[in-house]
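Quick look at protein-v9.tsv (TSV, C-alpha atoms):
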chain	number	residue	atom	x	y	z
A	1417	MET	CA	172.97	208.30	45.71
A	1418	LYS	CA	171.69	205.46	47.89
A	1419	SER	CA	174.25	203.09	49.26
A	1420	ALA	CA	174.30	199.39	48.38
A	1421	LEU	CA	173.72	198.62	52.08
A	1422	THR	CA	170.44	200.60	52.07
A	1423	ILE	CA	169.20	198.75	48.99
A	1424	ARG	CA	170.05	195.37	50.52
A	1425	LEU	CA	168.17	196.25	53.74
A	1426	ARG	CA	165.09	197.25	51.79
A	1427	HIS	CA	165.21	194.00	49.83
A	1428	LEU	CA	165.49	192.07	53.08
A	1429	SER	CA	162.50	193.89	54.59
A	1430	ALA	CA	160.36	193.16	51.54
A	1431	PHE	CA	161.36	189.49	51.70
A	1432	LEU	CA	160.39	189.27	55.39
A	1433	VAL	CA	156.98	190.86	54.74
A	1434	LEU	CA	156.34	188.51	51.83
A	1435	SER	CA	157.30	185.50	54.01
A	1436	VAL	CA	154.85	186.56	56.71
A	1437	LEU	CA	152.03	186.98	54.17
A	1438	VAL	CA	152.67	183.53	52.69
A	1439	ALA	CA	152.62	181.96	56.16
A	1440	VAL	CA	149.32	183.66	57.03
A	1441	MET	CA	147.69	182.58	53.77
A	1442	ALA	CA	148.89	178.99	54.25
A	1443	SER	CA	147.38	178.85	57.75
A	1444	CYS	CA	144.02	180.11	56.44
A	1445	GLU	CA	143.89	177.43	53.73
A	1446	ARG	CA	144.68	174.46	56.01
A	1447	PRO	CA	142.00	171.70	55.68
A	1448	MET	CA	139.55	171.59	58.62
A	1449	SER	CA	139.15	167.78	58.68
A	1450	GLU	CA	141.50	167.63	61.65
A	1451	ASP	CA	138.78	169.20	63.82
A	1452	ILE	CA	136.04	166.71	62.92
A	1453	GLY	CA	136.96	164.26	65.66
A	1454	ASP	CA	137.02	160.52	65.00
A	1455	SER	CA	134.93	160.57	61.81
A	1456	GLU	CA	136.83	159.86	58.62
A	1457	PRO	CA	135.93	162.01	55.61
A	1458	THR	CA	134.24	160.06	52.81
A	1459	GLU	CA	134.80	160.55	49.12
A	1460	GLU	CA	132.36	162.78	47.31
A	1461	GLY	CA	129.27	160.77	46.36
A	1462	LEU	CA	129.67	158.33	49.27
A	1463	ALA	CA	128.13	158.33	52.74
A	1464	HIS	CA	128.32	156.36	55.99
A	1465	LEU	CA	125.25	154.29	56.91
A	1466	ARG	CA	125.49	153.47	60.62
A	1467	VAL	CA	122.88	151.06	61.96
A	1468	SER	CA	122.18	150.03	65.56
A	1469	ALA	CA	119.82	147.12	66.22
A	1470	MET	CA	117.70	146.51	69.30
A	1471	THR	CA	115.06	143.89	70.07
A	1472	SER	CA	111.35	144.45	70.61
A	1473	SER	CA	111.76	143.91	74.34
A	1474	GLU	CA	113.58	147.26	74.48
A	1475	VAL	CA	110.77	149.40	73.07
A	1476	SER	CA	110.20	151.06	76.45
A	1477	PHE	CA	113.87	152.07	76.75
A	1478	SER	CA	114.73	155.73	76.34
A	1479	ALA	CA	115.28	156.80	72.76
A	1480	VAL	CA	118.42	158.63	73.84
A	1481	GLN	CA	119.91	155.56	75.46
A	1482	PRO	CA	123.43	154.89	74.12
A	1483	ALA	CA	123.43	152.61	71.08
A	1484	ARG	CA	126.07	150.35	72.62
A	1485	ARG	CA	123.75	149.53	75.53
A	1486	LYS	CA	120.90	148.80	73.15
A	1487	ALA	CA	123.07	146.45	71.16
A	1488	SER	CA	124.09	144.52	74.25
A	1489	ALA	CA	120.49	143.40	74.72
A	1490	VAL	CA	120.46	142.03	71.16
A	1491	ALA	CA	123.16	139.62	72.29
A	1492	ASN	CA	120.77	138.40	74.98
A	1493	ALA	CA	118.22	137.47	72.32
A	1494	CYS	CA	120.41	136.41	69.37
A	1495	SER	CA	123.68	134.64	68.73
A	1496	CYS	CA	123.98	135.77	65.10
A	1497	ILE	CA	122.93	138.95	63.33
A	1498	THR	CA	123.12	140.01	59.68
A	1499	PHE	CA	122.87	143.50	58.19
A	1500	ALA	CA	121.97	143.26	54.49
A	1501	ILE	CA	121.63	146.27	52.17
A	1502	TYR	CA	119.65	146.06	48.92
A	1503	LYS	CA	119.21	148.42	45.99
A	1504	ASP	CA	116.45	147.70	43.48
A	1505	GLY	CA	116.10	144.20	44.96
A	1506	GLU	CA	119.79	143.32	44.59
A	1507	ARG	CA	122.02	142.92	47.60
A	1508	VAL	CA	124.89	145.41	47.45
A	1509	ALA	CA	126.41	145.01	50.94
A	1510	VAL	CA	126.25	142.59	53.85
A	1511	GLU	CA	127.80	142.33	57.31
A	1512	ASN	CA	127.53	139.16	59.41
A	1513	GLN	CA	128.25	139.21	63.14
A	1514	ASN	CA	128.13	136.80	66.05
A	1515	ALA	CA	127.70	137.51	69.73
A	1516	ASP	CA	131.46	137.35	70.38
A	1517	ASP	CA	132.07	140.43	68.22
A	1518	SER	CA	132.70	143.62	70.18
A	1519	ASP	CA	130.44	145.63	67.85
A	1520	PHE	CA	127.64	143.05	67.83
A	1521	GLY	CA	124.39	144.75	66.86
A	1522	GLU	CA	126.02	147.75	65.15
A	1523	CYS	CA	127.46	148.28	61.69
A	1524	ASP	CA	129.00	151.12	59.69
A	1525	ILE	CA	128.90	150.69	55.91
A	1526	VAL	CA	130.05	153.24	53.30
A	1527	LEU	CA	127.82	153.33	50.21
A	1528	PRO	CA	127.17	155.52	47.18
A	1529	LYS	CA	124.43	158.05	47.88
A	1530	ALA	CA	121.14	156.45	46.84
A	1531	THR	CA	117.98	154.87	48.25
A	1532	TYR	CA	118.38	151.46	49.90
A	1533	ARG	CA	116.41	148.81	51.75
A	1534	ILE	CA	118.06	147.69	54.98
A	1535	VAL	CA	117.18	144.23	56.31
A	1536	VAL	CA	118.45	143.09	59.71
A	1537	VAL	CA	117.98	139.48	60.82
A	1538	GLY	CA	118.95	138.05	64.21
A	1539	HIS	CA	118.63	134.40	65.25
A	1540	ASN	CA	120.13	131.69	67.44
A	1541	GLY	CA	121.45	129.29	64.82
A	1542	THR	CA	124.97	128.00	64.41
A	1543	SER	CA	126.02	130.43	61.65
A	1544	SER	CA	124.84	133.43	59.66
A	1545	ALA	CA	121.65	133.58	57.64
A	1546	THR	CA	121.89	133.55	53.83
A	1547	THR	CA	120.56	136.90	52.58
A	1548	THR	CA	121.44	136.80	48.87
A	1549	GLU	CA	117.75	137.03	47.90
A	1550	VAL	CA	115.73	139.54	49.90
A	1551	GLU	CA	112.52	137.50	49.52
A	1552	LYS	CA	114.18	134.18	50.42
A	1553	ILE	CA	116.37	134.57	53.49
A	1554	LYS	CA	117.50	131.14	54.66
A	1555	PHE	CA	118.94	129.81	57.90
A	1556	PRO	CA	121.67	127.23	58.64
A	1557	ASN	CA	120.51	123.73	57.67
A	1558	ASN	CA	116.96	125.12	57.32
A	1559	LYS	CA	116.62	124.83	61.10
A	1560	MET	CA	114.54	127.45	62.85
A	1561	THR	CA	115.42	129.08	66.14
A	1562	ASP	CA	114.03	132.14	67.90
A	1563	THR	CA	114.32	134.71	65.10
A	1564	PHE	CA	113.99	138.49	64.84
A	1565	TRP	CA	113.78	140.84	61.84
A	1566	CYS	CA	113.36	144.44	60.75
A	1567	THR	CA	113.48	146.34	57.47
A	1568	SER	CA	113.63	150.01	56.55
A	1569	ILE	CA	113.95	152.15	53.43
A	1570	VAL	CA	116.70	154.79	53.74
A	1571	ASN	CA	117.42	157.69	51.41
A	1572	LEU	CA	121.17	157.93	51.95
A	1573	ASP	CA	122.04	161.48	50.86
A	1574	SER	CA	124.53	162.12	53.69
A	1575	ASP	CA	126.08	160.30	56.63
A	1576	THR	CA	123.13	158.65	58.39
A	1577	ASP	CA	122.62	157.03	61.79
A	1578	ILE	CA	119.51	154.92	62.40
A	1579	SER	CA	118.25	152.54	65.09
A	1580	LEU	CA	116.09	149.57	64.09
A	1581	ASN	CA	113.79	147.65	66.39
A	1582	LEU	CA	113.83	143.92	65.59
A	1583	GLN	CA	110.51	142.09	65.95
A	1584	ARG	CA	110.09	138.36	66.54
A	1585	VAL	CA	108.93	136.66	63.31
A	1586	VAL	CA	108.46	133.08	64.51
A	1587	ALA	CA	105.67	131.21	66.24
A	1588	MET	CA	106.44	128.44	68.72
A	1589	PHE	CA	104.73	125.10	69.22
A	1590	ARG	CA	105.42	123.53	72.60
A	1591	LEU	CA	104.52	119.95	73.44
A	1592	VAL	CA	104.27	119.13	77.13
A	1593	VAL	CA	104.35	115.38	77.77
A	1594	LYS	CA	102.73	114.97	81.17
A	1595	ASP	CA	103.22	111.21	81.45
A	1596	GLU	CA	106.57	109.46	81.81
A	1597	ILE	CA	108.49	108.80	78.59
A	1598	PRO	CA	109.22	105.05	78.21
A	1599	ALA	CA	112.80	103.92	78.74
A	1600	ASN	CA	113.18	102.71	75.12
A	1601	VAL	CA	112.39	106.15	73.63
A	1602	ALA	CA	115.60	107.90	72.57
A	1603	GLU	CA	114.24	110.74	70.39
A	1604	MET	CA	111.10	112.74	69.68
A	1605	LYS	CA	110.76	113.68	66.00
A	1606	PHE	CA	108.54	116.56	64.85
A	1607	TYR	CA	107.54	116.70	61.18
A	1608	TYR	CA	105.32	119.64	60.33
A	1609	THR	CA	103.88	121.56	57.38
A	1610	GLY	CA	101.95	124.80	57.02
A	1611	GLY	CA	104.74	127.17	58.03
A	1612	SER	CA	108.06	128.22	56.54
A	1613	SER	CA	111.77	128.02	57.29
A	1614	THR	CA	112.48	130.78	54.75
A	1615	LEU	CA	111.87	134.46	55.52
A	1616	SER	CA	110.80	137.34	53.28
A	1617	GLY	CA	113.01	140.28	54.18
A	1618	VAL	CA	110.30	142.60	52.83
A	1619	THR	CA	107.22	141.37	54.73
A	1620	GLY	CA	108.71	139.49	57.69
A	1621	PHE	CA	106.51	136.45	56.94
A	1622	GLY	CA	107.34	133.02	55.56
A	1623	SER	CA	107.95	132.95	51.82
A	1624	VAL	CA	108.19	129.20	51.09
A	1625	ASN	CA	105.85	126.30	51.92
A	1626	SER	CA	108.29	124.27	53.96
A	1627	LYS	CA	108.32	120.71	55.19
A	1628	GLN	CA	110.13	121.03	58.48
A	1629	THR	CA	111.66	118.29	60.62
A	1630	GLU	CA	113.13	118.71	64.09
A	1631	VAL	CA	114.49	115.96	66.33
A	1632	ARG	CA	114.85	116.30	70.10
A	1633	THR	CA	116.94	113.93	72.20
A	1634	VAL	CA	115.37	112.31	75.24
A	1635	ASP	CA	117.68	111.86	78.22
A	1636	GLU	CA	117.12	110.96	81.83
A	1637	SER	CA	116.49	114.58	82.79
A	1638	THR	CA	113.52	114.78	80.39
A	1639	ARG	CA	112.14	111.27	80.84
A	1640	LYS	CA	109.98	111.98	83.86
A	1641	GLY	CA	106.54	113.51	83.41
A	1642	GLY	CA	106.38	117.15	82.35
A	1643	ALA	CA	109.00	117.09	79.60
A	1644	GLU	CA	108.72	120.05	77.20
A	1645	PHE	CA	109.67	120.09	73.51
A	1646	GLU	CA	109.69	123.33	71.48
A	1647	ILE	CA	109.78	123.93	67.73
A	1648	TYR	CA	109.60	127.10	65.63
A	1649	THR	CA	108.17	128.15	62.30
A	1650	ILE	CA	107.67	131.39	60.35
A	1651	PRO	CA	103.94	131.80	59.59
A	1652	HIS	CA	102.94	133.02	56.11
A	1653	GLU	CA	100.67	135.59	57.75
A	1654	GLN	CA	100.20	136.85	61.29
A	1655	THR	CA	98.27	133.65	62.02
A	1656	GLY	CA	98.24	130.22	60.42
A	1657	THR	CA	97.77	126.50	61.02
A	1658	LEU	CA	100.21	123.61	61.14
A	1659	THR	CA	99.92	119.87	60.75
A	1660	ILE	CA	102.38	118.28	63.17
A	1661	THR	CA	103.28	114.60	63.35
A	1662	VAL	CA	105.14	113.69	66.53
A	1663	THR	CA	106.99	110.37	66.53
A	1664	ALA	CA	108.73	108.76	69.50
A	1665	LEU	CA	111.71	106.74	68.25
A	1666	ASP	CA	113.94	104.17	69.88
A	1667	ALA	CA	117.74	104.12	69.53
A	1668	SER	CA	117.46	102.18	66.24
A	1669	GLY	CA	115.00	104.63	64.70
A	1670	ASN	CA	111.95	102.40	65.16
A	1671	THR	CA	108.60	104.03	65.96
A	1672	VAL	CA	107.42	103.58	69.53
A	1673	LYS	CA	104.48	105.98	69.37
A	1674	GLU	CA	103.16	108.41	66.77
A	1675	THR	CA	100.44	111.04	66.92
A	1676	THR	CA	99.36	113.71	64.41
A	1677	PHE	CA	97.97	117.06	65.51
A	1678	ASN	CA	95.90	118.72	62.79
A	1679	ASN	CA	94.93	122.38	62.44
A	1680	VAL	CA	97.35	123.60	65.09
A	1681	ALA	CA	96.74	127.35	65.23
A	1682	VAL	CA	99.91	129.43	65.45
A	1683	THR	CA	100.49	133.18	65.68
A	1684	VAL	CA	103.62	135.26	65.24
A	1685	ASN	CA	105.21	136.00	68.63
A	1686	LYS	CA	102.94	133.58	70.48
A	1687	ILE	CA	103.37	130.09	71.90
A	1688	ARG	CA	100.85	127.36	71.12
A	1689	GLN	CA	101.18	124.78	73.88
A	1690	TYR	CA	99.69	121.29	73.79
A	1691	GLU	CA	99.87	119.32	77.00
A	1692	GLY	CA	98.62	115.86	77.90
A	1693	GLU	CA	99.61	112.22	78.30
A	1694	PHE	CA	101.26	111.48	74.97
A	1695	PHE	CA	101.97	107.79	75.61
A	1696	SER	CA	98.49	106.87	76.79
A	1697	GLU	CA	96.36	104.53	74.65
A	1698	SER	CA	94.58	107.19	72.61
A	1699	PRO	CA	95.37	110.85	73.23
A	1700	GLU	CA	92.60	113.16	72.09
A	1701	GLU	CA	94.11	116.08	70.23
A	1702	GLY	CA	92.78	119.53	70.95
A	1703	ARG	CA	90.70	118.41	73.92
A	1704	GLY	CA	89.52	121.21	76.18
A	1705	LYS	CA	89.19	124.94	75.74
A	1706	ALA	CA	92.30	126.97	74.96
A	1707	VAL	CA	93.64	128.93	77.91
A	1708	VAL	CA	95.69	132.07	77.32
A	1709	THR	CA	98.36	133.01	79.85
A	1710	VAL	CA	100.84	135.87	79.80
A	1711	ASP	CA	104.49	135.29	78.91
A	1712	ASP	CA	106.91	138.14	79.62
A	1713	GLU	CA	109.17	137.42	76.65
A	1714	TRP	CA	106.56	136.31	74.13
A	1715	GLY	CA	103.19	137.81	73.27
A	1716	GLY	CA	101.38	135.06	75.19
A	1717	THR	CA	100.83	131.32	75.48
A	1718	ASP	CA	97.76	129.46	74.23
A	1719	THR	CA	97.43	126.11	76.04
A	1720	GLU	CA	95.34	123.19	74.87
A	1721	GLY	CA	94.91	119.69	76.21
A	1722	TYR	CA	95.17	116.65	73.94
Translate the structure of the given file into structure tokens.
Amino acid sequence: MKSALTIRLRHLSAFLVLSVLVAVMASCERPMSEDIGDSEPTEEGLAHLRVSAMTSSEVSFSAVQPARRKASAVANACSCITFAIYKDGERVAVENQNADDSDFGECDIVLPKATYRIVVVGHNGTSSATTTEVEKIKFPNNKMTDTFWCTSIVNLDSDTDISLNLQRVVAMFRLVVKDEIPANVAEMKFYYTGGSSTLSGVTGFGSVNSKQTEVRTVDESTRKGGAEFEIYTIPHEQTGTLTITVTALDASGNTVKETTFNNVAVTVNKIRQYEGEFFSESPEEGRGKAVVTVDDEWGGTDTEGY
């Protein structure tokens, strides 16, 4: 007959074996998310969309260049950037950034798995663009600055990282006043039609026939001959024409001199420059043959006398 001590020892041995088996099984079933690094697991049916933006001036950069370095150059071109995500034409997510943000030019948005249109807009205005309507993206106070854009369709079926190359969407008109600006002129007002201050996030062209007005202050540093005044517009196509009325105003808002330039040809990513003696008796608009010169930052400069 077995002793009670022998029975107790056998029970203890069985308990120890069972404990070891439970511990082994528990270690095999431990979740592996701890080994994924910094990425946070997303809920089933959701995915991370990570976007890095760079400007067109960086096209020659290596494709394997770190995204953070690419984004730093965006800050050299833009003071504000907006990432807008649309599904079936409706905006479902948006992230606005300014150049002071540490992650400027990059965003990470978690979305349900689906197909989306991404629109990225960068500009140099005072605040973020309004992107509620993809076909009618508007800018602060309807004032245009140097502006960049890109769009892409993404089938988000898993965590996705993409880089987008922003292209300039504006044309510039530059007026060079070669003669001295009279002492009683306080401002130069530019009223122009033919372009747009509203952007289509789908095409990258202007989507509204805008009447644009820009006012530039004249101070002592710009009064001497050679003063330059620059204005922007978004053409409705790659090329277009503007009608620009330039008015020199005194401190009370009275007109000192006014000239209208008709059929001013403009092209996306190019500068149309008119130069001449604005305050002479009768400036002849468009006088002389256009001269094209290379500009490192823009696609080129077309210069005409007037």
Given all atoms listed in the file as the basis, pick out the residue of A:Val1593, A:Ile1501, A:Val1585, A:Val1490 nearest to Asp1516 in chain A. A:Val1490
If you measure from CA of Tyr1532 in chain A to CA of Ser1574 in chain A, what distance in Å do you get, rounded to one decimal?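 Between CA of Tyr1532 in chain A and CA of Ser1574 in chain A the gap is 12.9 Å.
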Show me, as a tab-separated table, the residues of range 1637-1678 of chain A having an atom within 12 Å of range 1535-1559 of chain A, each with the closest atom pair and its distance in Å, using all atoms listed in the file.
residue	atom	partner	partner_atom	distance
A:Ile1647	CA	A:Lys1559	CA	9.6
A:Tyr1648	CA	A:Lys1559	CA	8.7
A:Thr1649	CA	A:Lys1559	CA	9.2
A:Ile1650	CA	A:Lys1559	CA	11.1
Compare A:Leu1572, A:Asp1635, A:Ala1491, A:Asn1679 by their minimum atom-to-atom distance to Ser1518 in chain A, counting only C-alpha atoms, and give me the closest one.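 Of the candidates, the smallest distance to Ser1518 in chain A is held by A:Ala1491.
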For range 1521-1528 of chain A, work out the shell of residues within 6 Å, counting only C-alpha atoms and skipping chain neighbours fewer than 2 positions away, then give it as a JSON list (two decimals) with C-alpha atoms, in the coordinates of the input.
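Output below, filename out_17.json:
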[["chain", "number", "residue", "atom", "x", "y", "z"],
["A", 1461, "GLY", "CA", 129.27, 160.77, 46.36],
["A", 1462, "LEU", "CA", 129.67, 158.33, 49.27],
["A", 1463, "ALA", "CA", 128.13, 158.33, 52.74],
["A", 1464, "HIS", "CA", 128.32, 156.36, 55.99],
["A", 1465, "LEU", "CA", 125.25, 154.29, 56.91],
["A", 1466, "ARG", "CA", 125.49, 153.47, 60.62],
["A", 1467, "VAL", "CA", 122.88, 151.06, 61.96],
["A", 1468, "SER", "CA", 122.18, 150.03, 65.56],
["A", 1469, "ALA", "CA", 119.82, 147.12, 66.22],
["A", 1487, "ALA", "CA", 123.07, 146.45, 71.16],
["A", 1519, "ASP", "CA", 130.44, 145.63, 67.85]]
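Taking all atoms listed in the file into account, Gln1628 in chain A lies nearest to A:Met1560 out of the set A:Val1662, A:Ile1569, A:Leu1582, A:Met1560.
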Contact residues around Ala1500 in chain A with all atoms listed in the file at 6 Å, ignoring same-chain residues under 6 positions, as a ChimeraX atom specification: /A:1509-1510,1534-1535
Store the residues picked out above, limited to C-alpha atoms, as a short mmCIF file (atom, residue, chain, number, x, y, z; two decimals), keeping the file's coordinate frame.
data_model
loop_
_atom_site.label_atom_id
_atom_site.label_comp_id
_atom_site.auth_asym_id
_atom_site.auth_seq_id
_atom_site.Cartn_x
_atom_site.Cartn_y
_atom_site.Cartn_z
CA ALA A 1509 126.41 145.01 50.94
CA VAL A 1510 126.25 142.59 53.85
CA ILE A 1534 118.06 147.69 54.98
CA VAL A 1535 117.18 144.23 56.31
#
N, CA and C atoms modelled onto range 1583-1601 of chain A, as a short mmCIF file (atom, residue, chain, number, x, y, z; two decimals), in the coordinates of the input:
data_model
loop_
_atom_site.label_atom_id
_atom_site.label_comp_id
_atom_site.auth_asym_id
_atom_site.auth_seq_id
_atom_site.Cartn_x
_atom_site.Cartn_y
_atom_site.Cartn_z
N GLN A 1583 111.72 142.75 65.47
CA GLN A 1583 110.51 142.09 65.95
C GLN A 1583 110.65 140.57 65.77
N ARG A 1584 110.09 139.82 66.68
CA ARG A 1584 110.09 138.36 66.54
C ARG A 1584 109.20 137.97 65.36
N VAL A 1585 109.68 137.06 64.50
CA VAL A 1585 108.93 136.66 63.31
C VAL A 1585 108.45 135.21 63.38
N VAL A 1586 108.83 134.49 64.42
CA VAL A 1586 108.46 133.08 64.51
C VAL A 1586 107.30 132.87 65.48
N ALA A 1587 106.63 131.74 65.28
CA ALA A 1587 105.67 131.21 66.24
C ALA A 1587 106.28 129.94 66.83
N MET A 1588 105.92 129.65 68.08
CA MET A 1588 106.44 128.44 68.72
C MET A 1588 105.31 127.46 69.00
N PHE A 1589 105.60 126.18 68.77
CA PHE A 1589 104.73 125.10 69.22
C PHE A 1589 105.48 124.36 70.33
N ARG A 1590 104.82 124.22 71.47
CA ARG A 1590 105.42 123.53 72.60
C ARG A 1590 104.55 122.33 72.98
N LEU A 1591 105.19 121.17 73.01
CA LEU A 1591 104.52 119.95 73.44
C LEU A 1591 104.95 119.61 74.86
N VAL A 1592 103.99 119.51 75.75
CA VAL A 1592 104.27 119.13 77.13
C VAL A 1592 103.77 117.70 77.34
N VAL A 1593 104.69 116.78 77.56
CA VAL A 1593 104.35 115.38 77.77
C VAL A 1593 104.21 115.15 79.27
N LYS A 1594 102.98 115.03 79.73
CA LYS A 1594 102.73 114.97 81.17
C LYS A 1594 103.02 113.59 81.75
N ASP A 1595 102.92 112.55 80.93
CA ASP A 1595 103.22 111.21 81.45
C ASP A 1595 104.71 110.90 81.26
N GLU A 1596 105.17 109.83 81.89
CA GLU A 1596 106.57 109.46 81.81
C GLU A 1596 106.90 108.90 80.43
N ILE A 1597 108.06 109.29 79.90
CA ILE A 1597 108.49 108.80 78.59
C ILE A 1597 109.13 107.43 78.78
N PRO A 1598 108.68 106.41 78.04
CA PRO A 1598 109.22 105.05 78.21
C PRO A 1598 110.73 104.99 78.05
N ALA A 1599 111.35 104.04 78.70
CA ALA A 1599 112.80 103.92 78.74
C ALA A 1599 113.40 103.65 77.36
N ASN A 1600 112.63 103.03 76.45
CA ASN A 1600 113.18 102.71 75.12
C ASN A 1600 113.06 103.86 74.12
N VAL A 1601 112.50 104.98 74.52
CA VAL A 1601 112.39 106.15 73.63
C VAL A 1601 113.67 106.97 73.74
#
